[in-house]
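What follows is the content of protein30.pdb (PDB, C-alpha atoms).
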```pdb
ATOM      1  CA  MET A   1     104.101  96.622 113.917
ATOM      2  CA  LYS A   2     107.013  94.865 112.269
ATOM      3  CA  PRO A   3     110.242  96.680 113.164
ATOM      4  CA  LYS A   4     111.108  98.041 109.760
ATOM      5  CA  ILE A   5     111.360 101.371 107.984
ATOM      6  CA  SER A   6     110.672 100.711 104.313
ATOM      7  CA  ILE A   7     111.487 104.097 102.783
ATOM      8  CA  ILE A   8     112.928 107.392 103.953
ATOM      9  CA  THR A   9     111.590 110.187 101.755
ATOM     10  CA  LEU A  10     113.332 113.545 101.790
ATOM     11  CA  GLY A  11     111.486 116.608 100.513
ATOM     12  CA  VAL A  12     113.800 118.457  98.139
ATOM     13  CA  SER A  13     113.663 121.845  96.482
ATOM     14  CA  ASP A  14     115.250 120.782  93.163
ATOM     15  CA  LEU A  15     114.798 117.112  92.324
ATOM     16  CA  ALA A  16     117.224 117.044  89.387
ATOM     17  CA  ALA A  17     119.951 118.707  91.433
ATOM     18  CA  SER A  18     119.430 116.305  94.320
ATOM     19  CA  VAL A  19     119.476 113.279  92.027
ATOM     20  CA  HIS A  20     122.705 114.594  90.530
ATOM     21  CA  PHE A  21     124.179 114.870  94.023
ATOM     22  CA  TYR A  22     123.155 111.421  95.287
ATOM     23  CA  ARG A  23     123.422 109.421  92.080
ATOM     24  CA  ASP A  24     126.272 111.036  90.199
ATOM     25  CA  GLY A  25     128.131 112.469  93.173
ATOM     26  CA  LEU A  26     127.777 109.790  95.827
ATOM     27  CA  GLY A  27     127.145 106.916  93.462
ATOM     28  CA  LEU A  28     123.880 105.690  94.974
ATOM     29  CA  PRO A  29     121.860 103.562  92.544
ATOM     30  CA  ALA A  30     118.599 104.940  91.125
ATOM     31  CA  PRO A  31     118.047 102.447  88.313
ATOM     32  CA  ASP A  32     114.500 103.461  87.415
ATOM     33  CA  TYR A  33     114.942 107.224  87.509
ATOM     34  CA  GLU A  34     114.556 109.085  84.228
ATOM     35  CA  ASP A  35     114.929 112.794  83.572
ATOM     36  CA  GLY A  36     111.634 114.527  84.156
ATOM     37  CA  ALA A  37     110.365 111.950  86.627
ATOM     38  CA  THR A  38     108.540 113.337  89.654
ATOM     39  CA  ILE A  39     110.233 111.137  92.250
ATOM     40  CA  ALA A  40     113.526 109.291  92.561
ATOM     41  CA  PHE A  41     113.966 105.985  94.362
ATOM     42  CA  PHE A  42     117.376 104.802  95.465
ATOM     43  CA  GLU A  43     117.675 101.097  96.152
ATOM     44  CA  LEU A  44     119.721 100.960  99.332
ATOM     45  CA  GLU A  45     120.396  97.958 101.511
ATOM     46  CA  GLY A  46     117.612  97.582 104.038
ATOM     47  CA  THR A  47     115.775 100.875 103.670
ATOM     48  CA  TRP A  48     115.109 102.738 100.432
ATOM     49  CA  LEU A  49     115.816 106.436 100.038
ATOM     50  CA  ALA A  50     113.367 108.529  98.036
ATOM     51  CA  LEU A  51     113.685 112.129  96.892
ATOM     52  CA  TYR A  52     110.455 113.961  96.236
ATOM     53  CA  PRO A  53     109.718 117.629  95.585
ATOM     54  CA  ARG A  54     109.008 119.264  98.870
ATOM     55  CA  GLU A  55     105.701 120.814  97.820
ATOM     56  CA  LYS A  56     104.395 117.466  96.605
ATOM     57  CA  LEU A  57     105.386 115.772  99.842
ATOM     58  CA  VAL A  58     103.616 118.448 101.858
ATOM     59  CA  GLU A  59     100.528 118.073  99.670
ATOM     60  CA  GLU A  60     100.525 114.296  99.845
ATOM     61  CA  ALA A  61     100.957 114.111 103.594
ATOM     62  CA  ASP A  62      98.365 116.872 103.947
ATOM     63  CA  VAL A  63     100.470 118.810 106.428
ATOM     64  CA  ASP A  64     101.164 122.491 106.707
ATOM     65  CA  PHE A  65     104.794 123.531 106.686
ATOM     66  CA  SER A  66     104.585 127.249 106.298
ATOM     67  CA  ASP A  67     108.338 127.724 106.607
ATOM     68  CA  SER A  68     109.733 126.543 103.311
ATOM     69  CA  GLY A  69     113.136 126.129 104.926
ATOM     70  CA  THR A  70     111.912 123.462 107.317
ATOM     71  CA  PRO A  71     113.391 120.028 106.709
ATOM     72  CA  MET A  72     110.591 117.834 105.454
ATOM     73  CA  PHE A  73     110.717 114.075 105.364
ATOM     74  CA  THR A  74     108.610 111.016 105.990
ATOM     75  CA  LEU A  75     109.330 107.495 107.147
ATOM     76  CA  ALA A  76     107.312 104.817 105.397
ATOM     77  CA  HIS A  77     106.247 101.539 106.946
ATOM     78  CA  ASN A  78     104.916  99.223 104.258
ATOM     79  CA  VAL A  79     102.550  96.392 105.047
ATOM     80  CA  GLY A  80     100.989  93.536 103.130
ATOM     81  CA  SER A  81      97.377  94.657 102.716
ATOM     82  CA  PRO A  82      94.977  97.587 103.129
ATOM     83  CA  ALA A  83      93.521  95.871 106.199
ATOM     84  CA  VAL A  84      96.934  95.898 107.854
ATOM     85  CA  VAL A  85      97.269  99.607 107.028
ATOM     86  CA  ASP A  86      94.034 100.203 108.937
ATOM     87  CA  ALA A  87      95.124  97.998 111.843
ATOM     88  CA  THR A  88      98.539  99.664 112.071
ATOM     89  CA  LEU A  89      97.041 103.152 112.109
ATOM     90  CA  ASP A  90      94.672 101.996 114.854
ATOM     91  CA  GLU A  91      97.651 100.657 116.799
ATOM     92  CA  ALA A  92      99.484 103.957 116.399
ATOM     93  CA  SER A  93      96.429 105.893 117.472
ATOM     94  CA  ARG A  94      96.066 103.787 120.610
ATOM     95  CA  ALA A  95      99.754 104.435 121.298
ATOM     96  CA  GLY A  96      99.076 108.170 121.294
ATOM     97  CA  ALA A  97      99.912 109.079 117.696
ATOM     98  CA  THR A  98      97.989 111.759 115.864
ATOM     99  CA  ILE A  99      96.329 110.482 112.702
ATOM    100  CA  VAL A 100      97.364 113.189 110.236
ATOM    101  CA  GLN A 101      95.660 111.597 107.263
ATOM    102  CA  PRO A 102      93.192 108.710 107.568
ATOM    103  CA  ALA A 103      93.877 105.719 105.340
ATOM    104  CA  GLY A 104      92.559 105.836 101.812
ATOM    105  CA  GLU A 105      93.311 105.066  98.193
ATOM    106  CA  THR A 106      96.359 106.928  96.891
ATOM    107  CA  PHE A 107      96.869 108.558  93.515
ATOM    108  CA  TRP A 108      99.571 105.983  92.720
ATOM    109  CA  GLY A 109      97.233 103.034  93.139
ATOM    110  CA  GLY A 110      98.068 102.077  96.689
ATOM    111  CA  TYR A 111      96.401 102.525 100.059
ATOM    112  CA  SER A 112      97.938 104.548 102.852
ATOM    113  CA  GLY A 113      97.517 106.922 105.748
ATOM    114  CA  TYR A 114      99.786 109.061 107.893
ATOM    115  CA  PHE A 115     100.368 109.384 111.616
ATOM    116  CA  SER A 116     102.697 111.669 113.516
ATOM    117  CA  ASP A 117     104.772 110.730 116.534
ATOM    118  CA  PRO A 118     105.054 112.792 119.753
ATOM    119  CA  ASP A 119     107.445 115.249 118.049
ATOM    120  CA  GLY A 120     105.452 115.512 114.849
ATOM    121  CA  TYR A 121     107.614 113.176 112.759
ATOM    122  CA  LEU A 122     105.497 111.745 109.976
ATOM    123  CA  TRP A 123     105.072 108.046 109.274
ATOM    124  CA  GLU A 124     103.211 106.822 106.235
ATOM    125  CA  VAL A 125     101.679 103.380 106.648
ATOM    126  CA  ALA A 126     101.232 102.026 103.153
ATOM    127  CA  HIS A 127     100.179  99.061 101.097
ATOM    128  CA  ASN A 128     101.836  99.040  97.703
ATOM    129  CA  PRO A 129     100.296  96.351  95.464
ATOM    130  CA  PHE A 130     103.064  96.759  92.862
ATOM    131  CA  THR A 131     106.273  96.604  94.900
ATOM    132  CA  ASP A 132     106.735  94.596  98.069
ATOM    133  CA  LEU A 133     108.762  96.628 100.571
ATOM    134  CA  THR A 134     107.400  94.898 103.656
TER
ATOM    135  CA  MET B   1     129.832 105.023  99.013
ATOM    136  CA  LYS B   2     128.046 101.780  99.779
ATOM    137  CA  PRO B   3     124.295 102.279  99.308
ATOM    138  CA  LYS B   4     123.196 101.962 102.893
ATOM    139  CA  ILE B   5     121.712 104.106 105.627
ATOM    140  CA  SER B   6     122.872 102.631 108.936
ATOM    141  CA  ILE B   7     120.836 104.665 111.412
ATOM    142  CA  ILE B   8     118.071 107.249 111.288
ATOM    143  CA  THR B   9     118.297 109.458 114.367
ATOM    144  CA  LEU B  10     115.312 111.597 115.302
ATOM    145  CA  GLY B  11     115.806 114.541 117.637
ATOM    146  CA  VAL B  12     113.108 114.375 120.312
ATOM    147  CA  SER B  13     111.953 116.755 123.004
ATOM    148  CA  ASP B  14     111.212 114.115 125.650
ATOM    149  CA  LEU B  15     113.201 110.914 125.280
ATOM    150  CA  ALA B  16     111.250 108.891 127.849
ATOM    151  CA  ALA B  17     107.934 109.845 126.270
ATOM    152  CA  SER B  18     109.186 108.961 122.800
ATOM    153  CA  VAL B  19     110.575 105.621 123.969
ATOM    154  CA  HIS B  20     107.212 104.917 125.562
ATOM    155  CA  PHE B  21     105.500 105.672 122.254
ATOM    156  CA  TYR B  22     107.761 103.590 120.013
ATOM    157  CA  ARG B  23     108.590 100.728 122.373
ATOM    158  CA  ASP B  24     105.478 100.304 124.459
ATOM    159  CA  GLY B  25     102.973 101.727 121.979
ATOM    160  CA  LEU B  26     104.215 100.465 118.630
ATOM    161  CA  GLY B  27     106.155  97.514 119.959
ATOM    162  CA  LEU B  28     109.509  98.324 118.370
ATOM    163  CA  PRO B  29     112.409  96.554 120.118
ATOM    164  CA  ALA B  30     114.901  98.626 122.127
ATOM    165  CA  PRO B  31     116.640  95.818 124.024
ATOM    166  CA  ASP B  32     119.505  97.863 125.461
ATOM    167  CA  TYR B  33     117.516 100.898 126.567
ATOM    168  CA  GLU B  34     117.350 101.557 130.304
ATOM    169  CA  ASP B  35     115.517 104.333 132.107
ATOM    170  CA  GLY B  36     117.739 107.368 132.351
ATOM    171  CA  ALA B  37     119.793 106.505 129.275
ATOM    172  CA  THR B  38     120.652 109.429 127.019
ATOM    173  CA  ILE B  39     119.839 107.714 123.731
ATOM    174  CA  ALA B  40     117.588 104.891 122.580
ATOM    175  CA  PHE B  41     118.426 102.487 119.759
ATOM    176  CA  PHE B  42     115.742 100.422 118.085
ATOM    177  CA  GLU B  43     116.963  97.380 116.212
ATOM    178  CA  LEU B  44     114.940  97.456 113.028
ATOM    179  CA  GLU B  45     115.418  95.337 109.941
ATOM    180  CA  GLY B  46     117.933  96.978 107.671
ATOM    181  CA  THR B  47     118.227 100.440 109.204
ATOM    182  CA  TRP B  48     118.301 101.229 112.915
ATOM    183  CA  LEU B  49     116.142 103.954 114.437
ATOM    184  CA  ALA B  50     117.642 106.095 117.187
ATOM    185  CA  LEU B  51     115.938 108.637 119.421
ATOM    186  CA  TYR B  52     118.167 111.319 120.881
ATOM    187  CA  PRO B  53     117.348 114.526 122.765
ATOM    188  CA  ARG B  54     117.075 117.286 120.229
ATOM    189  CA  GLU B  55     119.498 119.629 121.994
ATOM    190  CA  LYS B  56     122.164 116.931 122.122
ATOM    191  CA  LEU B  57     121.732 116.141 118.457
ATOM    192  CA  VAL B  58     122.070 119.815 117.568
ATOM    193  CA  GLU B  59     125.179 120.060 119.730
ATOM    194  CA  GLU B  60     126.738 116.912 118.327
ATOM    195  CA  ALA B  61     126.144 117.809 114.695
ATOM    196  CA  ASP B  62     127.319 121.338 115.458
ATOM    197  CA  VAL B  63     124.431 122.930 113.596
ATOM    198  CA  ASP B  64     122.244 125.856 114.482
ATOM    199  CA  PHE B  65     118.529 125.235 114.588
ATOM    200  CA  SER B  66     117.202 128.353 116.206
ATOM    201  CA  ASP B  67     113.582 127.290 115.796
ATOM    202  CA  SER B  68     113.059 124.639 118.430
ATOM    203  CA  GLY B  69     110.029 123.376 116.531
ATOM    204  CA  THR B  70     112.051 122.417 113.486
ATOM    205  CA  PRO B  71     112.195 118.673 112.809
ATOM    206  CA  MET B  72     115.739 117.574 113.456
ATOM    207  CA  PHE B  73     117.186 114.306 112.297
ATOM    208  CA  THR B  74     120.318 112.789 110.863
ATOM    209  CA  LEU B  75     121.042 109.873 108.559
ATOM    210  CA  ALA B  76     124.124 107.875 109.483
ATOM    211  CA  HIS B  77     126.335 106.036 107.028
ATOM    212  CA  ASN B  78     128.705 103.740 108.903
ATOM    213  CA  VAL B  79     131.981 102.590 107.398
ATOM    214  CA  GLY B  80     134.734 100.189 108.388
ATOM    215  CA  SER B  81     137.554 102.504 109.423
ATOM    216  CA  PRO B  82     138.477 106.120 110.162
ATOM    217  CA  ALA B  83     140.292 106.280 106.820
ATOM    218  CA  VAL B  84     137.065 105.420 105.010
ATOM    219  CA  VAL B  85     135.274 108.153 106.981
ATOM    220  CA  ASP B  86     137.812 110.634 105.617
ATOM    221  CA  ALA B  87     137.534 109.265 102.082
ATOM    222  CA  THR B  88     133.731 109.332 102.158
ATOM    223  CA  LEU B  89     133.628 112.926 103.367
ATOM    224  CA  ASP B  90     136.058 113.826 100.587
ATOM    225  CA  GLU B  91     133.779 112.092  98.101
ATOM    226  CA  ALA B  92     130.758 113.994  99.419
ATOM    227  CA  SER B  93     132.654 117.270  99.265
ATOM    228  CA  ARG B  94     133.631 116.653  95.651
ATOM    229  CA  ALA B  95     129.966 115.888  94.945
ATOM    230  CA  GLY B  96     129.032 119.344  96.215
ATOM    231  CA  ALA B  97     128.152 118.589  99.842
ATOM    232  CA  THR B  98     128.908 121.072 102.585
ATOM    233  CA  ILE B  99     131.185 119.644 105.269
ATOM    234  CA  VAL B 100     129.304 120.701 108.395
ATOM    235  CA  GLN B 101     131.730 119.087 110.800
ATOM    236  CA  PRO B 102     135.135 117.750 109.746
ATOM    237  CA  ALA B 103     135.933 114.216 110.821
ATOM    238  CA  GLY B 104     137.341 113.719 114.282
ATOM    239  CA  GLU B 105     137.244 111.558 117.377
ATOM    240  CA  THR B 106     133.796 111.456 118.998
ATOM    241  CA  PHE B 107     132.903 111.507 122.671
ATOM    242  CA  TRP B 108     131.585 107.939 122.391
ATOM    243  CA  GLY B 109     134.887 106.554 121.202
ATOM    244  CA  GLY B 110     134.299 106.544 117.472
ATOM    245  CA  TYR B 111     135.355 108.717 114.575
ATOM    246  CA  SER B 112     132.922 110.710 112.485
ATOM    247  CA  GLY B 113     132.093 113.840 110.555
ATOM    248  CA  TYR B 114     128.988 115.420 109.061
ATOM    249  CA  PHE B 115     128.059 116.664 105.634
ATOM    250  CA  SER B 116     124.850 118.262 104.419
ATOM    251  CA  ASP B 117     123.138 117.580 101.114
ATOM    252  CA  PRO B 118     121.788 120.270  98.739
ATOM    253  CA  ASP B 119     118.719 120.805 100.970
ATOM    254  CA  GLY B 120     120.652 120.819 104.218
ATOM    255  CA  TYR B 121     119.826 117.254 105.269
ATOM    256  CA  LEU B 122     122.541 116.004 107.568
ATOM    257  CA  TRP B 123     124.531 112.818 107.049
ATOM    258  CA  GLU B 124     126.948 111.550 109.658
ATOM    259  CA  VAL B 125     129.741 109.402 108.247
ATOM    260  CA  ALA B 126     130.955 107.303 111.137
ATOM    261  CA  HIS B 127     133.299 104.551 112.178
ATOM    262  CA  ASN B 128     132.055 102.738 115.258
ATOM    263  CA  PRO B 129     134.738 100.377 116.604
ATOM    264  CA  PHE B 130     132.260  98.714 118.980
ATOM    265  CA  THR B 131     129.257  97.916 116.776
ATOM    266  CA  ASP B 132     129.429  97.065 113.096
ATOM    267  CA  LEU B 133     126.563  98.744 111.256
ATOM    268  CA  THR B 134     128.302  98.855 107.878
TER
END
```

Represent the structure from my file as C-alpha coordinates, please.
Amino acid sequence: MKPKISIITLGVSDLAASVHFYRDGLGLPAPDYEDGATIAFFELEGTWLALYPREKLVEEADVDFSDSGTPMFTLAHNVGSPAVVDATLDEASRAGATIVQPAGETFWGGYSGYFSDPDGYLWEVAHNPFTDLT
Amino acid sequence: MKPKISIITLGVSDLAASVHFYRDGLGLPAPDYEDGATIAFFELEGTWLALYPREKLVEEADVDFSDSGTPMFTLAHNVGSPAVVDATLDEASRAGATIVQPAGETFWGGYSGYFSDPDGYLWEVAHNPFTDLT
(Lines of atoms letter the chains of each structure in order from A and count residues from 1; the text may use other names and numbers.)
(Lines give C-alpha, C1' and ligand atoms only; values in the text may rest on other atoms or scores of the structure.)
Protein backbone atom coordinates (compact mmCIF):
# COMPACT_ATOMS: atom_id res chain seq x y z
CA MET A 1 0.00 0.00 0.00
CA LYS A 2 1.03 3.60 -0.55
CA PRO A 3 3.00 4.81 2.48
CA LYS A 4 0.52 7.32 3.82
CA ILE A 5 -1.72 7.81 6.82
CA SER A 6 -4.66 9.92 5.66
CA ILE A 7 -6.41 10.63 8.97
CA ILE A 8 -5.75 10.02 12.64
CA THR A 9 -9.07 9.81 14.48
CA LEU A 10 -9.10 10.14 18.25
CA GLY A 11 -12.11 8.89 20.20
CA VAL A 12 -13.13 11.61 22.64
CA SER A 13 -15.53 11.74 25.55
CA ASP A 14 -16.75 15.32 24.97
CA LEU A 15 -16.46 16.51 21.38
CA ALA A 16 -17.22 20.17 22.08
CA ALA A 17 -14.63 20.32 24.85
CA SER A 18 -12.01 18.66 22.67
CA VAL A 19 -12.73 20.99 19.76
CA HIS A 20 -12.39 23.92 22.15
CA PHE A 21 -9.01 22.58 23.26
CA TYR A 22 -7.56 21.91 19.80
CA ARG A 23 -9.16 24.73 17.84
CA ASP A 24 -9.42 27.57 20.33
CA GLY A 25 -6.57 26.54 22.61
CA LEU A 26 -3.94 25.23 20.22
CA GLY A 27 -5.15 27.09 17.17
CA LEU A 28 -5.53 24.11 14.84
CA PRO A 29 -7.84 24.84 11.91
CA ALA A 30 -11.24 23.12 11.74
CA PRO A 31 -12.87 25.24 9.03
CA ASP A 32 -15.93 23.07 8.45
CA TYR A 33 -16.81 22.34 12.07
CA GLU A 34 -20.08 23.76 13.36
CA ASP A 35 -21.54 23.50 16.84
CA GLY A 36 -23.58 20.34 17.13
CA ALA A 37 -21.65 18.48 14.46
CA THR A 38 -20.89 14.83 15.21
CA ILE A 39 -17.26 14.88 14.08
CA ALA A 40 -14.52 17.47 13.76
CA PHE A 41 -11.86 17.45 11.06
CA PHE A 42 -8.67 19.43 11.44
CA GLU A 43 -6.80 20.15 8.24
CA LEU A 44 -3.19 19.52 9.18
CA GLU A 45 -0.20 19.34 6.88
CA GLY A 46 0.18 15.80 5.60
CA THR A 47 -2.22 13.90 7.83
CA TRP A 48 -5.62 15.09 9.02
CA LEU A 49 -6.69 14.89 12.64
CA ALA A 50 -10.28 13.94 13.41
CA LEU A 51 -12.10 13.99 16.73
CA TYR A 52 -15.06 11.68 17.05
CA PRO A 53 -17.15 10.64 20.04
CA ARG A 54 -15.63 7.54 21.49
CA GLU A 55 -18.84 5.51 21.49
CA LYS A 56 -19.44 6.25 17.82
CA LEU A 57 -15.90 5.25 16.92
CA VAL A 58 -16.28 1.98 18.79
CA GLU A 59 -19.59 1.35 17.04
CA GLU A 60 -18.26 2.21 13.61
CA ALA A 61 -15.14 0.08 13.89
CA ASP A 62 -17.27 -2.69 15.39
CA VAL A 63 -14.82 -3.35 18.19
CA ASP A 64 -15.38 -3.99 21.85
CA PHE A 65 -13.61 -1.69 24.26
CA SER A 66 -15.22 -2.54 27.54
CA ASP A 67 -12.95 -0.23 29.51
CA SER A 68 -14.22 3.24 28.75
CA GLY A 69 -10.90 4.68 29.87
CA THR A 70 -8.97 2.93 27.13
CA PRO A 71 -7.47 5.26 24.55
CA MET A 72 -9.33 4.68 21.32
CA PHE A 73 -8.12 5.80 17.94
CA THR A 74 -7.90 4.69 14.35
CA LEU A 75 -5.49 5.35 11.52
CA ALA A 76 -7.12 5.77 8.13
CA HIS A 77 -5.53 4.85 4.83
CA ASN A 78 -7.57 6.28 1.98
CA VAL A 79 -7.46 4.83 -1.50
CA GLY A 80 -8.88 5.73 -4.88
CA SER A 81 -11.66 3.17 -5.35
CA PRO A 82 -13.68 0.45 -3.62
CA ALA A 83 -11.69 -2.17 -5.54
CA VAL A 84 -8.47 -0.86 -4.01
CA VAL A 85 -10.08 -1.04 -0.56
CA ASP A 86 -10.73 -4.73 -1.18
CA ALA A 87 -7.22 -5.31 -2.53
CA THR A 88 -5.59 -3.49 0.38
CA LEU A 89 -7.55 -5.47 2.96
CA ASP A 90 -6.51 -8.65 1.15
CA GLU A 91 -2.90 -7.49 1.29
CA ALA A 92 -3.18 -6.79 5.00
CA SER A 93 -4.78 -10.15 5.61
CA ARG A 94 -1.98 -11.94 3.78
CA ALA A 95 0.48 -9.96 5.92
CA GLY A 96 -1.11 -11.40 9.05
CA ALA A 97 -3.61 -8.67 9.94
CA THR A 98 -6.95 -9.51 11.47
CA ILE A 99 -9.87 -8.26 9.40
CA VAL A 100 -11.98 -6.60 12.10
CA GLN A 101 -14.68 -5.43 9.73
CA PRO A 102 -14.97 -6.62 6.13
CA ALA A 103 -15.28 -3.89 3.51
CA GLY A 104 -18.72 -2.52 2.82
CA GLU A 105 -20.74 0.60 2.15
CA THR A 106 -20.53 3.12 4.98
CA PHE A 107 -23.28 5.29 6.42
CA TRP A 108 -21.47 8.39 5.11
CA GLY A 109 -21.58 7.23 1.51
CA GLY A 110 -18.13 5.72 1.24
CA TYR A 111 -16.73 2.20 1.22
CA SER A 112 -14.40 0.92 3.90
CA GLY A 113 -13.24 -1.91 6.11
CA TYR A 114 -11.00 -2.28 9.14
CA PHE A 115 -7.98 -4.41 9.95
CA SER A 116 -5.94 -4.61 13.12
CA ASP A 117 -2.17 -4.90 13.33
CA PRO A 118 -0.26 -7.36 15.56
CA ASP A 119 -0.93 -5.19 18.64
CA GLY A 120 -4.57 -4.55 17.83
CA TYR A 121 -4.12 -1.04 16.42
CA LEU A 122 -6.97 -0.32 14.05
CA TRP A 123 -6.56 0.80 10.46
CA GLU A 124 -9.52 1.81 8.36
CA VAL A 125 -9.01 1.35 4.63
CA ALA A 126 -11.44 3.69 2.96
CA HIS A 127 -12.64 5.07 -0.33
CA ASN A 128 -14.21 8.49 0.07
CA PRO A 129 -15.92 9.58 -3.17
CA PHE A 130 -16.38 13.14 -1.88
CA THR A 131 -12.94 14.10 -0.57
CA ASP A 132 -9.66 12.85 -1.97
CA LEU A 133 -7.26 12.10 0.89
CA THR A 134 -5.19 9.55 -1.01
CA MET B 1 1.17 25.81 16.95
CA LYS B 2 1.74 24.88 13.33
CA PRO B 3 -0.96 22.42 12.23
CA LYS B 4 1.18 19.36 11.76
CA ILE B 5 1.67 15.96 13.32
CA SER B 6 5.29 14.97 12.70
CA ILE B 7 5.30 11.37 13.91
CA ILE B 8 2.77 8.84 15.14
CA THR B 9 4.50 6.39 17.48
CA LEU B 10 2.77 3.12 18.29
CA GLY B 11 3.86 1.16 21.35
CA VAL B 12 4.34 -2.46 20.31
CA SER B 13 4.92 -5.67 22.21
CA ASP B 14 7.31 -7.26 19.70
CA LEU B 15 9.21 -4.78 17.56
CA ALA B 16 10.64 -7.33 15.12
CA ALA B 17 7.23 -8.88 14.53
CA SER B 18 5.65 -5.47 13.97
CA VAL B 19 8.40 -4.40 11.58
CA HIS B 20 7.86 -7.64 9.69
CA PHE B 21 4.15 -6.86 9.44
CA TYR B 22 4.45 -3.25 8.29
CA ARG B 23 7.62 -3.48 6.19
CA ASP B 24 7.50 -6.94 4.71
CA GLY B 25 3.73 -7.44 4.80
CA LEU B 26 2.36 -4.03 3.90
CA GLY B 27 5.42 -2.77 2.10
CA LEU B 28 5.93 0.43 4.07
CA PRO B 29 9.49 1.78 3.77
CA ALA B 30 11.78 1.67 6.81
CA PRO B 31 15.11 2.37 5.10
CA ASP B 32 17.20 2.91 8.23
CA TYR B 33 15.90 0.00 10.28
CA GLU B 34 18.38 -2.76 11.09
CA ASP B 35 17.77 -5.96 13.01
CA GLY B 36 18.28 -5.34 16.70
CA ALA B 37 17.45 -1.64 16.51
CA THR B 38 15.33 -0.30 19.35
CA ILE B 39 12.95 1.74 17.21
CA ALA B 40 11.68 1.65 13.64
CA PHE B 41 10.83 4.72 11.58
CA PHE B 42 8.68 4.47 8.49
CA GLU B 43 8.96 7.35 6.07
CA LEU B 44 5.38 8.01 5.08
CA GLU B 45 4.03 10.94 3.11
CA GLY B 46 3.28 13.78 5.45
CA THR B 47 3.49 12.08 8.84
CA TRP B 48 6.05 9.48 9.87
CA LEU B 49 5.06 6.25 11.59
CA ALA B 50 7.30 4.94 14.36
CA LEU B 51 7.16 1.60 16.15
CA TYR B 52 8.69 1.52 19.61
CA PRO B 53 8.59 -1.13 22.34
CA ARG B 54 5.66 -0.37 24.56
CA GLU B 55 7.64 -0.43 27.80
CA LYS B 56 10.15 2.06 26.43
CA LEU B 57 7.41 4.38 25.26
CA VAL B 58 5.77 4.26 28.68
CA GLU B 59 9.12 4.96 30.33
CA GLU B 60 9.99 7.80 27.98
CA ALA B 61 6.64 9.55 28.29
CA ASP B 62 6.76 8.96 32.04
CA VAL B 63 3.18 7.74 32.18
CA ASP B 64 1.63 4.86 34.03
CA PHE B 65 -0.25 2.33 31.97
CA SER B 66 -0.82 -0.48 34.39
CA ASP B 67 -2.89 -2.48 31.93
CA SER B 68 -0.38 -3.91 29.50
CA GLY B 69 -3.16 -4.46 26.98
CA THR B 70 -3.95 -0.78 26.69
CA PRO B 71 -3.17 0.74 23.29
CA MET B 72 -0.27 3.09 23.77
CA PHE B 73 0.75 5.72 21.29
CA THR B 74 1.99 9.27 21.07
CA LEU B 75 1.62 12.06 18.53
CA ALA B 76 4.75 14.14 18.02
CA HIS B 77 4.79 17.79 17.06
CA ASN B 78 8.31 18.82 16.07
CA VAL B 79 9.46 22.42 16.23
CA GLY B 80 12.57 24.32 15.23
CA SER B 81 14.25 25.03 18.56
CA PRO B 82 14.18 24.26 22.28
CA ALA B 83 12.69 27.70 22.91
CA VAL B 84 9.73 26.85 20.69
CA VAL B 85 9.29 23.58 22.60
CA ASP B 86 8.95 25.62 25.79
CA ALA B 87 6.59 28.12 24.16
CA THR B 88 4.41 25.37 22.69
CA LEU B 89 4.10 23.57 26.01
CA ASP B 90 3.15 26.89 27.61
CA GLU B 91 0.52 27.37 24.92
CA ALA B 92 -0.86 23.88 25.53
CA SER B 93 -0.92 24.47 29.27
CA ARG B 94 -2.86 27.70 28.83
CA ALA B 95 -5.27 25.78 26.60
CA GLY B 96 -5.98 23.39 29.47
CA ALA B 97 -3.54 20.57 28.70
CA THR B 98 -1.84 18.65 31.47
CA ILE B 99 1.95 18.85 31.29
CA VAL B 100 2.85 15.19 31.73
CA GLN B 101 6.57 15.73 31.42
CA PRO B 102 8.20 19.17 31.50
CA ALA B 103 10.60 19.94 28.68
CA GLY B 104 14.16 18.77 29.06
CA GLU B 105 17.11 17.22 27.28
CA THR B 106 16.35 13.74 25.92
CA PHE B 107 18.55 10.67 25.88
CA TRP B 108 18.72 10.85 22.07
CA GLY B 109 20.20 14.32 22.06
CA GLY B 110 17.07 16.38 21.53
CA TYR B 111 14.83 18.47 23.72
CA SER B 112 11.21 17.62 24.39
CA GLY B 113 8.28 17.50 26.77
CA TYR B 114 4.85 15.89 26.84
CA PHE B 115 1.35 17.18 27.34
CA SER B 116 -1.94 15.31 27.41
CA ASP B 117 -5.18 16.46 25.84
CA PRO B 118 -8.61 16.38 27.57
CA ASP B 119 -8.90 12.61 26.98
CA GLY B 120 -5.35 11.82 28.02
CA TYR B 121 -3.91 11.46 24.52
CA LEU B 122 -0.21 12.18 24.65
CA TRP B 123 1.58 14.75 22.51
CA GLU B 124 5.35 15.06 22.53
CA VAL B 125 6.61 18.52 21.60
CA ALA B 126 10.15 18.01 20.39
CA HIS B 127 13.17 19.68 18.91
CA ASN B 128 15.33 17.24 16.99
CA PRO B 129 18.65 18.85 16.02
CA PHE B 130 19.52 15.97 13.68
CA THR B 131 16.38 15.51 11.57
CA ASP B 132 14.00 18.28 10.59
CA LEU B 133 10.42 17.04 10.82
CA THR B 134 8.87 20.47 11.37

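Using all atoms listed in the file, the part of chain A that sits within 7 Å of chain B is made up of Met1, Pro3, Lys4, Val12, Ser13, Ser18, Phe21, Gly25, Leu26, Gly27, Leu28, Leu44, Glu45, Gly46, Thr47, Thr70, Pro71, Glu91, Ala92, Ala95, Gly96, Pro118 and Asp119 of chain A.
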
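Surrounding residues of (135.7, 99.1, 102.9) at most 9 Å away are Lys2, Val79, Gly80, Ser81, Val84 and Thr134 of chain B (based on all atoms listed in the file).
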
Practice problem: Can you work out the spacing between CA of Leu133 in chain B and CA of Tyr114 in chain B in Å, to one decimal? | Solution: 17.0 Å

Quiz item: From the set A:Ile39, A:Val100, A:Ala87, A:Val125, which residue has the shortest atom-to-atom contact distance to Leu57 in chain A, counting all atoms listed in the file?
Solution: A:Ile39

Practice problem: Determine, counting all atoms listed in the file, which protein, DNA and RNA residues have an atom within 9 Å of an atom of Ala103 in chain B; residues of the same chain fewer than 2 positions away are not included. Present the result as an NGL selection string. | Solution: :B and (82 or 85-86 or 89 or 101 or 105-106 or 111-114 or 125-126)

Quiz item: Could you work out how far CA of Glu55 in chain A lies from CA of Asp32 in chain A, giving the answer in Å with one decimal?
Solution: 22.1 Å

Quiz prompt | Nearest to Phe115 in chain A, chosen from A:Thr98, A:Thr9, A:Thr38, A:Thr74, with only C-alpha atoms counted in the distances | solution =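 Of the candidates, the smallest distance to Phe115 in chain A is held by A:Thr98.
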
Exercise. Find the distance between CA of Lys56 in chain A and CA of Asn78 in chain A and write it in Å to one decimal.
Key: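 So the answer is 19.8 Å.
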
Padding 8 Å on each side, edges along x, y and z: where is the centre of the box around the listed atoms of range 74-81 of chain A, and how long are its edges in Å to one decimal? Output it as JSON.
```
{"center_x": 103.4, "center_y": 102.3, "center_z": 104.9, "size_x": 28.0, "size_y": 33.5, "size_z": 20.4}
```
